[in-house]
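What follows is a single structure, written as structure tokens, with notes after it.
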Amino acid sequence: MATTTWVLDPTHSEVQFKVKHLVISTVTGSFKSFEGKLETEGDDITNGKVEFSLDVNSIDTNQEQRDGHLKGPDFFDADNHPKITFKSTSLTAKGDDEYVAEGDLTIKGITKPVTLNVEFGGSADDFYGNTKAGFEVTGKINRKEFGLTWDGVTEAGSIVVGDDIKLIANVQFAKQK
């Protein structure tokens with residue numbers, strides 16, 4: 001069977017993260033610039049191969065000073081590590097429209113295996129006859145495993161940033177003809 005290539009459509013996709021702030025509330029941020037590719041056997045995504053990268057300098061938490069801190073050496077060190085990448089090692093069916101993607105996530109030059117949950121939202125043809133497929137990808141990582149070890153503590157002893165980062169990506173891929 002022929003290999004089908006699908007390319008991420010950034011205008012119909014979003015990549016977000018959530019982290020606890022002061023242990024009592026959640027800060028949501030996003031990356032505005034990213035790209036990805038999915039290769040499948042025919043149109044079956046089982047055993048597909050995914051490559052994804054995002055531009056660290058496109059981080060947006062709706063607070064410019066915080067974004068600058070996240071881009072700096074305390075966190076992502078964007079000058080030396082401008083990309084965050086994911087490359088799948090497996091994509092397996094878990095149930096109806098549910099999959100598990102395992103792969104290597106690289107943040108700040110540190111590569112670790114991660115497991116992500118993938119929900120297939122379906123596929124449809126757009127107005128121009130292009131086939132699109134939609135997915136929601138979720139997962140959780142510990143930021144300290146990737147060298148994001150900055151810790152702040154308030155005068156009252158509260159931890160400023162939680163260790164666990166929730167990842168949420170709603171992505172649409174366009175089938176290449």
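The way I read the labels, and the way they are meant: chains A, B, ... in the order of the structure tokens, residue 1 as the first residue of every chain, and ligand 1 as the first ligand shown, with later ones counted on from there.
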
Legend entry - Contact residues around stretch 36-48 of chain A with only C-alpha atoms at 6 Å, ignoring same-chain residues under 2 positions, as a ChimeraX atom specification: /A:2-8,50-52,90-92

Keeping C-alpha atoms, export the residues of the selection given above as a PDB file, in the first residue's frame.
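Below is the file result28.pdb, written as the result:
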```pdb
ATOM      1  CA  ALA A   2       1.236   3.482  -0.808  1.00  0.00           C
ATOM      2  CA  THR A   3       2.386   5.896   1.868  1.00  0.00           C
ATOM      3  CA  THR A   4       0.114   8.908   2.339  1.00  0.00           C
ATOM      4  CA  THR A   5       1.584  12.167   3.601  1.00  0.00           C
ATOM      5  CA  TRP A   6      -0.522  14.569   5.650  1.00  0.00           C
ATOM      6  CA  VAL A   7       0.752  18.075   6.476  1.00  0.00           C
ATOM      7  CA  LEU A   8      -0.332  20.066   9.510  1.00  0.00           C
ATOM      8  CA  VAL A  50       4.301  11.710  13.266  1.00  0.00           C
ATOM      9  CA  GLU A  51       6.890  14.489  13.314  1.00  0.00           C
ATOM     10  CA  PHE A  52       6.093  17.780  14.981  1.00  0.00           C
ATOM     11  CA  SER A  90       4.517   4.092  17.545  1.00  0.00           C
ATOM     12  CA  LEU A  91       0.871   5.005  16.965  1.00  0.00           C
ATOM     13  CA  THR A  92      -1.509   2.289  18.106  1.00  0.00           C
TER      14      THR A  92
END
```

Inset, instruction - Pull the strand (DSSP E) assignments for stretch 97-174 of chain A out of DSSP run on the backbone, and list those residues as a ChimeraX atom specification. - result: /A:98-107,110-125,131-142,161-174

Long-range neighbours of A:Val100 as an mmCIF file with N, CA, C and O atoms, in the first residue's frame, 7 Å cut-off, only C-alpha atoms, 5 positions minimum in chain:
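The resulting part.cif:
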```
data_model
loop_
_atom_site.group_PDB
_atom_site.id
_atom_site.type_symbol
_atom_site.label_atom_id
_atom_site.label_comp_id
_atom_site.auth_asym_id
_atom_site.auth_seq_id
_atom_site.Cartn_x
_atom_site.Cartn_y
_atom_site.Cartn_z
ATOM 1 N N LEU A 91 2.219 4.438 16.911
ATOM 2 C CA LEU A 91 0.871 5.005 16.965
ATOM 3 C C LEU A 91 -0.082 3.820 16.898
ATOM 4 O O LEU A 91 -0.206 3.182 15.852
ATOM 5 N N THR A 92 -0.702 3.501 18.029
ATOM 6 C CA THR A 92 -1.509 2.289 18.106
ATOM 7 C C THR A 92 -2.952 2.607 18.487
ATOM 8 O O THR A 92 -3.218 3.530 19.253
ATOM 9 N N ALA A 93 -3.874 1.799 17.947
ATOM 10 C CA ALA A 93 -5.295 1.959 18.247
ATOM 11 C C ALA A 93 -5.570 1.471 19.663
ATOM 12 O O ALA A 93 -5.059 0.445 20.090
ATOM 13 N N LYS A 94 -6.397 2.246 20.373
ATOM 14 C CA LYS A 94 -6.762 1.905 21.743
ATOM 15 C C LYS A 94 -8.260 1.590 21.845
ATOM 16 O O LYS A 94 -8.690 0.966 22.787
ATOM 17 N N THR A 115 4.284 9.440 26.274
ATOM 18 C CA THR A 115 3.082 8.805 25.751
ATOM 19 C C THR A 115 1.976 9.853 25.697
ATOM 20 O O THR A 115 1.731 10.544 26.690
ATOM 21 N N LEU A 116 1.346 9.974 24.535
ATOM 22 C CA LEU A 116 0.285 10.954 24.336
ATOM 23 C C LEU A 116 -0.999 10.233 23.930
ATOM 24 O O LEU A 116 -0.964 9.232 23.217
ATOM 25 N N ASN A 117 -2.121 10.749 24.393
ATOM 26 C CA ASN A 117 -3.426 10.222 23.985
ATOM 27 C C ASN A 117 -3.889 10.989 22.756
ATOM 28 O O ASN A 117 -3.791 12.221 22.709
ATOM 29 N N VAL A 118 -4.389 10.250 21.770
ATOM 30 C CA VAL A 118 -4.817 10.857 20.516
ATOM 31 C C VAL A 118 -6.259 10.456 20.251
ATOM 32 O O VAL A 118 -6.590 9.273 20.243
#
```

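Our summary of the geometry notes that atom CA of A:Ala124 is positioned 18.6 Å from atom CA of A:Val137.
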
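Of the listed residues A:Val56, A:Ile165, A:Ala133, A:Val19, the one whose atoms come nearest to A:Ile107 is A:Val56, with distances taken using only C-alpha atoms.
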
Inset, instruction - Using only C-alpha atoms, find the one residue out of A:Gln65, A:Lys32, A:Asp104, A:Thr149 that sits nearest to A:His12. - result: A:Lys32

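Picture a line from atom CA of A:Gly147 to atom CA of A:Asn170; it runs 25.8 Å.
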
Legend entry - Who sits within 8 Å of A:Asp164, only C-alpha atoms, same chain under 4 positions skipped, as a ChimeraX atom specification: /A:19-20,140-143

Inset, instruction - Would you kindly return, as a ChimeraX atom specification, each protein, DNA or RNA residue with an atom no farther than 9 Å from any atom of A:Thr28, considering only C-alpha atoms and excluding same-chain residues fewer than 5 positions away? - result: /A:16-20,60-62

Legend entry - Distance criterion (only C-alpha atoms): nearest to A:Phe34 out of A:Phe146, A:Phe127, A:Phe120, A:Phe86: A:Phe86

Inset, instruction - Kindly give the distance, in Å, that separates atom CA of A:Phe173 and atom CA of A:Gly134, rounded to a single decimal. - result: 6.4 Å

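Proximity to A:Gln172 was assessed for A:Asn130, A:Gly139, A:Asp55, A:Phe31 counting only C-alpha atoms; the smallest distance is recorded for A:Asn130.
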
Legend entry - Distance criterion (only C-alpha atoms): nearest to A:Glu119 out of A:Thr89, A:Thr131, A:Thr138, A:Ser53: A:Thr138
